[in-house]
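Student: For reference, this is my_file.cif, and it has mmCIF, C-alpha atoms and all ligand atoms.
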data_final
#
loop_
_atom_site.label_atom_id
_atom_site.label_comp_id
_atom_site.auth_asym_id
_atom_site.auth_seq_id
_atom_site.Cartn_x
_atom_site.Cartn_y
_atom_site.Cartn_z
CA MET Z 1 -4.28 29.58 -10.18
CA ILE Z 2 -4.43 26.07 -8.75
CA ARG Z 3 -7.61 24.01 -9.04
CA ILE Z 4 -8.19 20.69 -7.26
CA THR Z 5 -11.24 18.52 -7.88
CA ALA Z 6 -12.39 15.38 -6.06
CA THR Z 7 -14.58 12.77 -7.77
CA PRO Z 8 -15.81 9.71 -5.83
CA PHE Z 9 -16.14 6.40 -7.69
CA ILE Z 10 -16.86 2.81 -6.68
CA VAL Z 11 -14.75 -0.20 -7.54
CA ASN Z 12 -15.80 -3.82 -7.07
CA LYS Z 13 -13.63 -6.81 -6.21
CA ARG Z 14 -13.49 -9.94 -8.33
CA VAL Z 15 -13.20 -11.94 -5.08
CA PRO Z 16 -14.18 -10.31 -1.74
CA LEU Z 17 -11.26 -10.18 0.69
CA ARG Z 18 -11.72 -11.42 4.26
CA ILE Z 19 -9.18 -10.39 6.93
CA SER Z 20 -9.28 -10.64 10.74
CA ARG Z 21 -11.43 -7.47 11.00
CA GLY Z 22 -14.06 -8.30 8.37
CA VAL Z 23 -14.83 -8.69 4.64
CA SER Z 24 -14.61 -6.12 1.82
CA ALA Z 25 -16.23 -6.58 -1.58
CA ALA Z 26 -16.17 -2.99 -2.90
CA SER Z 27 -14.64 0.38 -2.09
CA GLU Z 28 -15.64 4.01 -2.63
CA ASN Z 29 -12.40 5.74 -3.65
CA ILE Z 30 -11.88 9.33 -4.83
CA LEU Z 31 -10.03 10.63 -7.89
CA VAL Z 32 -8.15 13.86 -7.11
CA GLU Z 33 -7.12 16.06 -10.06
CA LEU Z 34 -4.78 18.98 -9.44
CA SER Z 35 -4.42 21.46 -12.31
CA VAL Z 36 -1.87 24.25 -12.39
CA PRO Z 37 -0.52 26.23 -15.37
CA SER Z 38 2.94 25.02 -16.45
CA ASP Z 39 4.50 28.33 -15.34
CA GLY Z 40 3.15 27.48 -11.87
CA ASN Z 41 1.17 30.70 -11.89
CA ASN Z 42 -1.10 32.41 -14.43
CA GLY Z 43 -0.35 30.81 -17.81
CA ASN Z 44 -2.89 29.04 -20.00
CA ASP Z 45 -0.92 25.84 -20.48
CA LEU Z 46 -2.53 23.63 -17.80
CA ILE Z 47 -0.85 20.49 -16.48
CA THR Z 48 -3.03 18.10 -14.44
CA GLY Z 49 -1.56 15.74 -11.87
CA ILE Z 50 -3.74 12.96 -10.47
CA GLY Z 51 -3.94 11.04 -7.20
CA GLU Z 52 -6.30 8.68 -5.41
CA ILE Z 53 -7.91 8.60 -1.97
CA VAL Z 54 -8.66 5.12 -0.64
CA PRO Z 55 -10.55 5.19 2.68
CA LEU Z 56 -8.79 3.41 5.54
CA SER Z 57 -9.61 2.95 9.20
CA VAL Z 58 -7.33 4.74 11.61
CA GLY Z 59 -7.92 3.88 15.26
CA GLY Z 60 -11.23 2.29 14.26
CA VAL Z 61 -12.54 5.43 12.51
CA LYS Z 62 -13.15 5.42 8.75
CA LEU Z 63 -13.87 8.79 7.12
CA GLY Z 64 -16.69 8.80 4.56
CA ALA Z 65 -16.46 10.12 1.00
CA ALA Z 66 -18.25 13.39 1.82
CA GLU Z 67 -15.78 14.19 4.63
CA LEU Z 68 -12.80 13.29 2.42
CA VAL Z 69 -14.07 15.42 -0.49
CA GLY Z 70 -14.51 18.27 2.00
CA GLN Z 71 -10.88 17.90 3.08
CA VAL Z 72 -9.73 18.14 -0.56
CA GLY Z 73 -11.63 21.44 -0.78
CA LYS Z 74 -9.93 22.60 2.41
CA ALA Z 75 -6.53 21.72 0.93
CA GLU Z 76 -7.31 23.75 -2.19
CA THR Z 77 -8.27 26.72 -0.01
CA ILE Z 78 -5.04 26.44 1.98
CA PHE Z 79 -2.96 26.47 -1.22
CA ARG Z 80 -4.92 29.38 -2.71
CA ASN Z 81 -4.66 31.40 0.50
CA SER Z 82 -0.91 30.93 0.74
CA GLY Z 83 -0.43 33.77 -1.72
CA ALA Z 84 1.47 34.58 -4.88
CA GLN Z 85 4.53 32.65 -3.71
CA TRP Z 86 2.62 29.35 -3.85
CA SER Z 87 4.30 26.94 -6.24
CA PRO Z 88 3.55 23.34 -7.32
CA PHE Z 89 7.33 22.74 -7.21
CA ASP Z 90 7.41 23.24 -3.42
CA ILE Z 91 6.13 19.75 -2.69
CA ILE Z 92 7.59 19.51 0.82
CA ALA Z 93 6.28 22.91 1.95
CA ASN Z 94 2.87 22.23 0.41
CA LEU Z 95 2.49 18.92 2.21
CA ASN Z 96 3.75 20.36 5.50
CA SER Z 97 1.05 23.05 5.35
CA LEU Z 98 -1.66 20.40 4.87
CA ARG Z 99 -0.27 18.14 7.57
CA SER Z 100 -0.25 20.94 10.10
CA ALA Z 101 -3.87 21.74 9.16
CA GLY Z 102 -4.87 18.20 10.19
CA ILE Z 103 -5.70 16.87 6.71
CA ALA Z 104 -6.25 13.07 6.76
CA SER Z 105 -3.39 10.84 5.61
CA SER Z 106 -5.33 9.42 2.64
CA VAL Z 107 -6.09 12.95 1.38
CA LEU Z 108 -2.43 13.91 1.87
CA ALA Z 109 -1.49 10.80 -0.13
CA ALA Z 110 -3.70 11.80 -3.06
CA ILE Z 111 -2.42 15.37 -3.15
CA ASP Z 112 1.20 14.24 -2.71
CA THR Z 113 0.70 11.82 -5.62
CA ALA Z 114 -0.93 14.52 -7.76
CA LEU Z 115 1.92 17.00 -7.05
CA HIS Z 116 4.55 14.37 -7.95
CA ASP Z 117 2.56 13.41 -11.05
CA TRP Z 118 2.35 17.10 -12.00
CA LEU Z 119 6.13 17.49 -11.60
CA GLY Z 120 6.86 14.38 -13.67
CA LYS Z 121 4.56 15.64 -16.42
CA TYR Z 122 6.23 19.08 -16.24
CA VAL Z 123 9.73 17.64 -16.74
CA GLU Z 124 8.32 14.98 -19.10
CA MET Z 125 9.76 12.00 -17.25
CA PRO Z 126 8.37 9.08 -15.25
CA LEU Z 127 9.03 9.53 -11.53
CA TRP Z 128 11.16 6.38 -11.27
CA GLN Z 129 13.48 7.79 -13.91
CA MET Z 130 13.53 11.28 -12.37
CA TRP Z 131 14.62 9.64 -9.13
CA GLY Z 132 17.37 7.61 -10.81
CA PHE Z 133 15.85 4.17 -10.20
CA SER Z 134 16.16 1.10 -12.41
CA LEU Z 135 13.01 -0.91 -13.14
CA SER Z 136 15.11 -4.10 -13.14
CA MET Z 137 15.42 -3.75 -9.33
CA ILE Z 138 11.66 -4.20 -8.74
CA PRO Z 139 10.82 -7.38 -6.74
CA GLN Z 140 7.89 -9.62 -7.66
CA THR Z 141 4.56 -8.89 -5.98
CA THR Z 142 2.69 -11.17 -3.61
CA PHE Z 143 -0.87 -12.29 -4.42
CA THR Z 144 -3.15 -12.20 -1.38
CA ILE Z 145 -5.25 -15.09 -0.08
CA GLY Z 146 -7.91 -13.99 2.42
CA ILE Z 147 -9.04 -15.79 5.56
CA GLY Z 148 -11.15 -18.84 4.74
CA THR Z 149 -11.46 -22.59 4.81
CA PRO Z 150 -8.75 -24.73 3.17
CA GLU Z 151 -11.09 -25.26 0.19
CA GLU Z 152 -11.65 -21.51 -0.16
CA GLY Z 153 -7.89 -20.94 -0.03
CA ILE Z 154 -7.28 -23.38 -2.92
CA GLU Z 155 -10.21 -21.88 -4.85
CA ARG Z 156 -8.65 -18.42 -4.41
CA ILE Z 157 -5.33 -19.64 -5.79
CA GLU Z 158 -7.15 -20.97 -8.84
CA LYS Z 159 -8.92 -17.60 -9.25
CA TRP Z 160 -5.54 -15.86 -9.13
CA ARG Z 161 -4.29 -18.22 -11.81
CA GLU Z 162 -6.87 -16.69 -14.16
CA VAL Z 163 -4.88 -13.43 -13.76
CA ALA Z 164 -1.36 -14.90 -13.57
CA GLU Z 165 0.63 -17.61 -11.83
CA PRO Z 166 1.17 -16.34 -8.24
CA PRO Z 167 4.90 -15.54 -7.82
CA LEU Z 168 4.60 -15.22 -4.01
CA LEU Z 169 1.59 -15.64 -1.73
CA LYS Z 170 0.56 -13.50 1.20
CA VAL Z 171 -1.87 -15.45 3.39
CA LYS Z 172 -4.22 -13.61 5.73
CA LEU Z 173 -4.43 -15.31 9.13
CA GLY Z 174 -5.83 -14.22 12.50
CA ASN Z 175 -9.11 -16.08 11.90
CA PRO Z 176 -11.50 -14.87 14.66
CA GLU Z 177 -12.51 -18.52 15.20
CA GLY Z 178 -9.01 -19.44 16.32
CA ILE Z 179 -5.53 -20.49 15.21
CA VAL Z 180 -6.61 -24.05 14.46
CA HIS Z 181 -8.35 -22.55 11.39
CA ASP Z 182 -5.23 -20.52 10.54
CA LYS Z 183 -3.17 -23.71 10.58
CA ALA Z 184 -5.67 -25.58 8.40
CA LEU Z 185 -5.65 -22.82 5.73
CA LEU Z 186 -1.88 -22.50 5.65
CA THR Z 187 -1.32 -26.26 5.58
CA ALA Z 188 -3.64 -26.62 2.58
CA ILE Z 189 -1.91 -23.80 0.68
CA ARG Z 190 1.56 -25.15 1.48
CA GLU Z 191 0.59 -28.60 0.21
CA TYR Z 192 -1.09 -27.23 -2.91
CA LEU Z 193 1.81 -24.97 -3.96
CA PRO Z 194 4.89 -26.22 -2.07
CA GLU Z 195 7.39 -24.22 -4.13
CA VAL Z 196 5.80 -20.76 -3.93
CA PRO Z 197 7.24 -18.48 -1.20
CA VAL Z 198 4.64 -17.55 1.43
CA MET Z 199 4.37 -14.68 3.89
CA VAL Z 200 1.68 -14.31 6.52
CA ASP Z 201 -0.34 -11.29 7.68
CA ALA Z 202 -2.31 -11.69 10.92
CA ASN Z 203 -3.78 -8.13 10.80
CA CYS Z 204 -3.63 -7.76 14.63
CA GLY Z 205 -5.57 -11.03 15.01
CA TRP Z 206 -3.54 -12.86 17.69
CA ASN Z 207 -2.83 -12.48 21.39
CA VAL Z 208 0.75 -12.94 22.62
CA SER Z 209 0.55 -16.68 23.32
CA ASP Z 210 -1.16 -17.41 19.96
CA ALA Z 211 1.48 -15.28 18.23
CA VAL Z 212 4.37 -17.13 19.88
CA GLU Z 213 2.87 -20.50 18.99
CA MET Z 214 2.06 -19.45 15.42
CA CYS Z 215 5.48 -17.90 14.73
CA LYS Z 216 7.17 -21.16 15.77
CA TRP Z 217 4.73 -23.27 13.77
CA LEU Z 218 4.94 -21.03 10.69
CA ALA Z 219 8.74 -21.23 10.71
CA ASP Z 220 8.38 -25.00 10.25
CA GLN Z 221 6.07 -24.32 7.28
CA ARG Z 222 8.89 -22.31 5.60
CA VAL Z 223 7.02 -19.02 5.81
CA LEU Z 224 9.28 -16.00 5.11
CA TYR Z 225 7.96 -13.57 7.75
CA VAL Z 226 4.92 -12.61 9.81
CA GLU Z 227 3.23 -9.24 9.46
CA GLN Z 228 1.41 -7.51 12.35
CA PRO Z 229 0.93 -10.54 14.63
CA LEU Z 230 -0.33 -8.43 17.56
CA PRO Z 231 -2.91 -5.65 17.94
CA VAL Z 232 -1.52 -2.12 18.04
CA ASN Z 233 -2.19 -1.82 21.81
CA LEU Z 234 0.21 -4.73 22.35
CA ASP Z 235 3.23 -3.06 20.69
CA GLY Z 236 4.82 -3.34 24.13
CA ALA Z 237 4.83 -7.14 23.79
CA LEU Z 238 6.75 -7.14 20.47
CA PHE Z 239 10.09 -7.44 22.29
CA GLU Z 240 8.96 -10.57 24.13
CA LEU Z 241 7.47 -12.08 20.95
CA ARG Z 242 10.56 -11.39 18.89
CA GLN Z 243 12.78 -13.05 21.52
CA GLN Z 244 10.79 -16.26 20.99
CA SER Z 245 9.97 -16.05 17.28
CA PRO Z 246 12.23 -17.82 14.78
CA LEU Z 247 10.55 -15.73 12.05
CA PRO Z 248 11.13 -12.05 11.25
CA ILE Z 249 8.36 -9.76 12.54
CA PHE Z 250 7.01 -6.95 10.33
CA VAL Z 251 4.56 -4.24 11.41
CA ASP Z 252 1.81 -2.57 9.39
CA GLU Z 253 -1.08 -1.24 11.51
CA SER Z 254 1.45 -0.20 14.23
CA CYS Z 255 3.61 1.82 11.82
CA HIS Z 256 2.22 4.84 9.96
CA THR Z 257 5.12 7.26 9.44
CA ALA Z 258 8.91 7.53 9.80
CA SER Z 259 8.67 8.38 13.50
CA ASP Z 260 6.92 5.03 14.13
CA VAL Z 261 9.77 3.28 12.30
CA ALA Z 262 12.32 4.83 14.65
CA ARG Z 263 10.17 4.06 17.72
CA LEU Z 264 9.62 0.38 16.84
CA ALA Z 265 12.98 -0.37 15.19
CA PRO Z 266 14.53 -2.14 18.24
CA VAL Z 267 11.70 -4.72 18.42
CA ILE Z 268 10.91 -5.48 14.75
CA ASP Z 269 12.58 -6.76 11.59
CA GLY Z 270 10.62 -4.94 8.91
CA ILE Z 271 7.83 -2.51 8.04
CA ASN Z 272 4.92 -2.35 5.61
CA ILE Z 273 4.51 1.08 3.99
CA LYS Z 274 1.23 2.14 2.39
CA LEU Z 275 0.58 5.44 0.63
CA MET Z 276 -2.81 6.02 2.29
CA LYS Z 277 -1.42 5.31 5.75
CA CYS Z 278 1.75 7.41 5.54
CA GLY Z 279 0.42 10.32 3.47
CA GLY Z 280 2.22 9.90 0.14
CA LEU Z 281 5.43 9.24 -1.75
CA LEU Z 282 7.47 11.84 0.13
CA GLU Z 283 6.78 10.25 3.53
CA ALA Z 284 7.15 6.76 2.03
CA ARG Z 285 10.69 7.72 0.99
CA ASN Z 286 11.36 9.06 4.51
CA MET Z 287 10.16 5.76 5.94
CA ILE Z 288 12.38 3.73 3.60
CA ALA Z 289 15.43 5.82 4.56
CA THR Z 290 14.61 5.54 8.28
CA ALA Z 291 14.07 1.77 8.03
CA ARG Z 292 17.37 1.31 6.20
CA ALA Z 293 19.19 3.43 8.78
CA HIS Z 294 17.92 0.97 11.41
CA GLY Z 295 18.77 -2.12 9.34
CA LEU Z 296 15.12 -3.05 8.75
CA ALA Z 297 13.54 -4.78 5.78
CA VAL Z 298 10.94 -2.84 3.77
CA MET Z 299 7.74 -3.94 2.07
CA VAL Z 300 5.06 -1.83 0.42
CA GLY Z 301 1.36 -2.64 0.47
CA CYS Z 302 -2.09 -1.32 -0.40
CA TYR Z 303 -5.74 -1.26 0.68
CA SER Z 304 -8.47 -1.29 -2.01
CA ASP Z 305 -6.23 0.86 -4.21
CA THR Z 306 -6.84 0.93 -7.96
CA ILE Z 307 -3.98 0.82 -10.42
CA LEU Z 308 -3.69 4.60 -9.93
CA ALA Z 309 -2.32 4.52 -6.37
CA ASN Z 310 -0.50 1.23 -6.97
CA SER Z 311 1.28 2.70 -10.01
CA ALA Z 312 2.34 5.65 -7.83
CA MET Z 313 3.76 3.34 -5.17
CA ALA Z 314 5.35 1.14 -7.86
CA GLN Z 315 7.64 4.10 -8.69
CA LEU Z 316 9.42 3.44 -5.34
CA THR Z 317 9.61 -0.34 -5.48
CA PRO Z 318 13.19 -0.47 -6.84
CA LEU Z 319 14.10 0.56 -3.24
CA VAL Z 320 12.22 -2.17 -1.35
CA ASP Z 321 12.54 -5.87 -0.49
CA TYR Z 322 8.93 -7.03 -0.78
CA VAL Z 323 6.01 -5.77 -2.82
CA ASP Z 324 2.34 -6.41 -2.06
CA LEU Z 325 0.55 -4.29 -4.68
CA ASP Z 326 -2.07 -6.73 -5.92
CA SER Z 327 -5.35 -4.95 -5.04
CA HIS Z 328 -5.96 -3.59 -8.56
CA LEU Z 329 -5.47 -7.08 -10.00
CA ASN Z 330 -8.57 -8.09 -8.00
CA LEU Z 331 -10.85 -5.35 -9.40
CA VAL Z 332 -13.46 -5.96 -12.09
CA ASP Z 333 -13.93 -2.28 -12.93
CA ASP Z 334 -10.67 -0.37 -12.42
CA PRO Z 335 -11.26 3.00 -14.15
CA PHE Z 336 -7.56 3.52 -14.88
CA TYR Z 337 -4.70 2.15 -16.94
CA GLY Z 338 -1.17 2.09 -15.51
CA ALA Z 339 1.62 -0.18 -14.29
CA GLY Z 340 1.70 -3.59 -15.97
CA LEU Z 341 2.11 -7.09 -14.55
CA GLU Z 342 5.34 -8.46 -16.05
CA ALA Z 343 6.70 -11.82 -14.90
CA GLY Z 344 5.08 -11.31 -11.49
CA ARG Z 345 6.32 -7.72 -11.11
CA ILE Z 346 4.21 -4.54 -11.04
CA VAL Z 347 6.19 -2.38 -13.46
CA PRO Z 348 5.40 1.32 -14.03
CA THR Z 349 4.90 2.50 -17.58
CA ALA Z 350 7.23 4.95 -19.33
CA GLY Z 351 4.43 7.52 -19.06
CA HIS Z 352 5.34 10.84 -17.43
CA GLY Z 353 4.74 11.29 -13.71
CA ILE Z 354 3.07 8.17 -12.32
CA GLY Z 355 2.23 6.99 -15.84
CA VAL Z 356 -1.50 6.55 -15.29
CA VAL Z 357 -4.37 7.53 -17.60
CA LYS Z 358 -8.14 7.06 -17.42
CA ASN Z 359 -9.33 3.94 -19.24
CA GLY Z 360 -10.26 4.83 -22.78
CA ALA Z 361 -8.30 8.13 -22.63
MG MG B 401 -0.98 -5.84 6.54
#
Step by step, read the file and then write its structure as structure tokens.

Tutor:
Amino acid sequence: MIRITATPFIVNKRVPLRISRGVSAASENILVELSVPSDGNNGNDLITGIGEIVPLSVGGVKLGAAELVGQVGKAETIFRNSGAQWSPFDIIANLNSLRSAGIASSVLAAIDTALHDWLGKYVEMPLWQMWGFSLSMIPQTTFTIGIGTPEEGIERIEKWREVAEPPLLKVKLGNPEGIVHDKALLTAIREYLPEVPVMVDANCGWNVSDAVEMCKWLADQRVLYVEQPLPVNLDGALFELRQQSPLPIFVDESCHTASDVARLAPVIDGINIKLMKCGGLLEARNMIATARAHGLAVMVGCYSDTILANSAMAQLTPLVDYVDLDSHLNLVDDPFYGAGLEAGRIVPTAGHGIGVVKNGA
């Protein structure tokens, strides 16, 4: 018999992160543990797969921990009610049944992760190896610099240096006080670390004319690409922006699942995939395949994910161009141990499944 538990916990950031929508200093995430006997049915030999829920805002609505825990309970009921044929091996069918019951994407992500973790532990292999990937193909991760004054930007770089030398920087722009502040922050960072590659994320913070001006200006600053320059309700203006932008345009908030990739493909250059947004590793792989079929670049990102969710996503990074999985590196109290930071790359362990254990376990 399957058993799924949900345990909320709070993690705190070393440095609060400010983006165009606001500031976050802490996050209430949820550990999901899915236990099933190794014969998938009634045996005594339990295997436990784990996953993480990280709350995200979708269309301005953020579900609270109580609602998310309730949805985990609903998922358990759906699995239990599906009868004797239910199997932890049927990952696709299991996720389809939850999706059609309206389970939130972050809850889907945690259960998808737990099912994949369970399978990896069952076959006694890390997922990346099960999937035939080579760890040597993993790109370096970006380190994120939030919105702030030029002095705060430099200070943040120095804080990152206490963790490791930043291999690439992702700078948050879309300052609500205007693009003059965006330019000041980016100029300071460019002068301070002229050799480090920089990408920019505006988090929906610009209108079309600001976006056109900034894309031209940022190209002169040798920025690699711009992520989500426009709000989601201006997707229709992406064609016009891209005609005028010398820089590649990536989408994040506008692109949740593979169907969004297909819809937006003609007017973008790349996508940002996040586990909580798309609903797990299975859909992330669909998105990668869809993006590649349309000739798009692929990056993966995170919210306030601990090393648990970031280690799950790291399993897929041999397939992508850009990695932005730095959130756990900015936590003071991550309850888990998982993927390591090696020469600027987030590298999964050789542990089975997603290779994550509780700290001290
Ligand atoms: Mg983004």

Student: Please check which protein, DNA or RNA residues sit within 9 Å of ligand MG 401 (chain B), counting all atoms listed in the file, and write them as a list in words.

Tutor: Lys172, Val200, Asp201, Ala202, Asn203, Cys204, Glu227, Gln228, Phe250, Val251, Asp252, Glu253, Asn272, Gly301, Cys302 and Tyr303 of chain Z

Student: Can those selected residues be exported to a file as a PDB file, in the coordinates of the input so that it contains C-alpha atoms?

Tutor:
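Heads up, here's the output in selection_4.pdb:
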ATOM      1  CA  LYS Z 172      -4.220 -13.610   5.730  1.00  0.00           C
ATOM      2  CA  VAL Z 200       1.680 -14.310   6.520  1.00  0.00           C
ATOM      3  CA  ASP Z 201      -0.340 -11.290   7.680  1.00  0.00           C
ATOM      4  CA  ALA Z 202      -2.310 -11.690  10.920  1.00  0.00           C
ATOM      5  CA  ASN Z 203      -3.780  -8.130  10.800  1.00  0.00           C
ATOM      6  CA  CYS Z 204      -3.630  -7.760  14.630  1.00  0.00           C
ATOM      7  CA  GLU Z 227       3.230  -9.240   9.460  1.00  0.00           C
ATOM      8  CA  GLN Z 228       1.410  -7.510  12.350  1.00  0.00           C
ATOM      9  CA  PHE Z 250       7.010  -6.950  10.330  1.00  0.00           C
ATOM     10  CA  VAL Z 251       4.560  -4.240  11.410  1.00  0.00           C
ATOM     11  CA  ASP Z 252       1.810  -2.570   9.390  1.00  0.00           C
ATOM     12  CA  GLU Z 253      -1.080  -1.240  11.510  1.00  0.00           C
ATOM     13  CA  ASN Z 272       4.920  -2.350   5.610  1.00  0.00           C
ATOM     14  CA  GLY Z 301       1.360  -2.640   0.470  1.00  0.00           C
ATOM     15  CA  CYS Z 302      -2.090  -1.320  -0.400  1.00  0.00           C
ATOM     16  CA  TYR Z 303      -5.740  -1.260   0.680  1.00  0.00           C
TER      17      TYR Z 303
END

Student: Go ahead and find all residues with at least one atom no further than 9 Å from (11.0, -1.4, 4.6) in the file's coordinates, using all atoms listed in the file; report them as a list in words.

Tutor: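 The residues that fall inside the cut-off are Phe250, Asp269, Gly270, Ile271, Asn272, Ile273, Met287, Ile288, Ala289, Thr290, Ala291, Arg292, Leu296, Ala297, Val298, Met299, Val300, Leu319, Val320, Asp321 and Tyr322 of chain Z.
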
Student: Could you jot down the CA of Gln140 (chain Z) to CA of Gly351 (chain Z) separation for me, Å, one decimal place?

Tutor: 20.9 Å

Student: Could you work out how far CA of Val171 (chain Z) lies from CA of Ser311 (chain Z), giving the answer in Å with one decimal?

Tutor: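 Computing the Euclidean distance for CA of Ser311 (chain Z) and CA of Val171 (chain Z) yields 22.8 Å.
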
Student: Skipping near chain neighbours, those fewer than 4 positions away, what residues fall within 12 Å of Glu158 (chain Z) using all atoms listed in the file, listed as a list in words?

Tutor: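 That gives Val15, Phe143, Ile145, Glu151, Glu152, Gly153, Ile154, Glu162, Val163, Ala164, Glu165, Pro166, Ile189, Tyr192 and Leu193 of chain Z.
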
Student: Counting all atoms listed in the file, which residue out of Z:Leu98, Z:Val107, Z:Ile19, Z:Ala309 sits closest to Gly64 (chain Z)?

Tutor: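 Checking each candidate against Gly64 (chain Z), we get Z:Val107 as the closest.
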
Student: If I take CA of Ala65 (chain Z) and CA of Asn29 (chain Z), how far is one from the other in Å, to one decimal?

Tutor: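 Those two atoms sit 7.6 Å apart.
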
Student: Could you write region 220-238 of chain Z as a tab-separated table (two decimals), in the frame of the given file, with N, CA and C atoms rebuilt where they are missing?

Tutor:
chain	number	residue	atom	x	y	z
Z	220	ASP	N	8.28	-23.63	10.75
Z	220	ASP	CA	8.38	-25.00	10.25
Z	220	ASP	C	7.70	-25.17	8.89
Z	221	GLN	N	6.77	-24.27	8.59
Z	221	GLN	CA	6.07	-24.32	7.28
Z	221	GLN	C	6.83	-23.51	6.22
Z	222	ARG	N	8.03	-23.07	6.53
Z	222	ARG	CA	8.89	-22.31	5.60
Z	222	ARG	C	8.25	-20.98	5.16
Z	223	VAL	N	7.55	-20.36	6.09
Z	223	VAL	CA	7.02	-19.02	5.81
Z	223	VAL	C	8.16	-18.01	5.95
Z	224	LEU	N	8.15	-16.95	5.13
Z	224	LEU	CA	9.28	-16.00	5.11
Z	224	LEU	C	9.26	-15.05	6.30
Z	225	TYR	N	8.07	-14.48	6.60
Z	225	TYR	CA	7.96	-13.57	7.75
Z	225	TYR	C	6.50	-13.42	8.14
Z	226	VAL	N	6.28	-12.83	9.31
Z	226	VAL	CA	4.92	-12.61	9.81
Z	226	VAL	C	4.69	-11.11	9.97
Z	227	GLU	N	3.57	-10.66	9.40
Z	227	GLU	CA	3.23	-9.24	9.46
Z	227	GLU	C	2.16	-9.01	10.54
Z	228	GLN	N	2.34	-7.98	11.31
Z	228	GLN	CA	1.41	-7.51	12.35
Z	228	GLN	C	0.73	-8.66	13.11
Z	229	PRO	N	1.53	-9.44	13.86
Z	229	PRO	CA	0.93	-10.54	14.63
Z	229	PRO	C	0.03	-10.04	15.75
Z	230	LEU	N	0.37	-8.91	16.36
Z	230	LEU	CA	-0.33	-8.43	17.56
Z	230	LEU	C	-1.12	-7.16	17.28
Z	231	PRO	N	-2.19	-6.93	18.05
Z	231	PRO	CA	-2.91	-5.65	17.94
Z	231	PRO	C	-1.99	-4.48	18.32
Z	232	VAL	N	-2.35	-3.31	17.83
Z	232	VAL	CA	-1.52	-2.12	18.04
Z	232	VAL	C	-1.31	-1.85	19.54
Z	233	ASN	N	-2.33	-2.11	20.37
Z	233	ASN	CA	-2.19	-1.82	21.81
Z	233	ASN	C	-1.25	-2.81	22.51
Z	234	LEU	N	-0.77	-3.81	21.77
Z	234	LEU	CA	0.21	-4.73	22.35
Z	234	LEU	C	1.62	-4.53	21.76
Z	235	ASP	N	1.88	-3.36	21.20
Z	235	ASP	CA	3.23	-3.06	20.69
Z	235	ASP	C	4.29	-3.35	21.76
Z	236	GLY	N	3.89	-3.13	23.03
Z	236	GLY	CA	4.82	-3.34	24.13
Z	236	GLY	C	5.24	-4.79	24.29
Z	237	ALA	N	4.49	-5.72	23.67
Z	237	ALA	CA	4.83	-7.14	23.79
Z	237	ALA	C	5.68	-7.63	22.61
Z	238	LEU	N	5.99	-6.72	21.66
Z	238	LEU	CA	6.75	-7.14	20.47
Z	238	LEU	C	8.14	-7.64	20.84
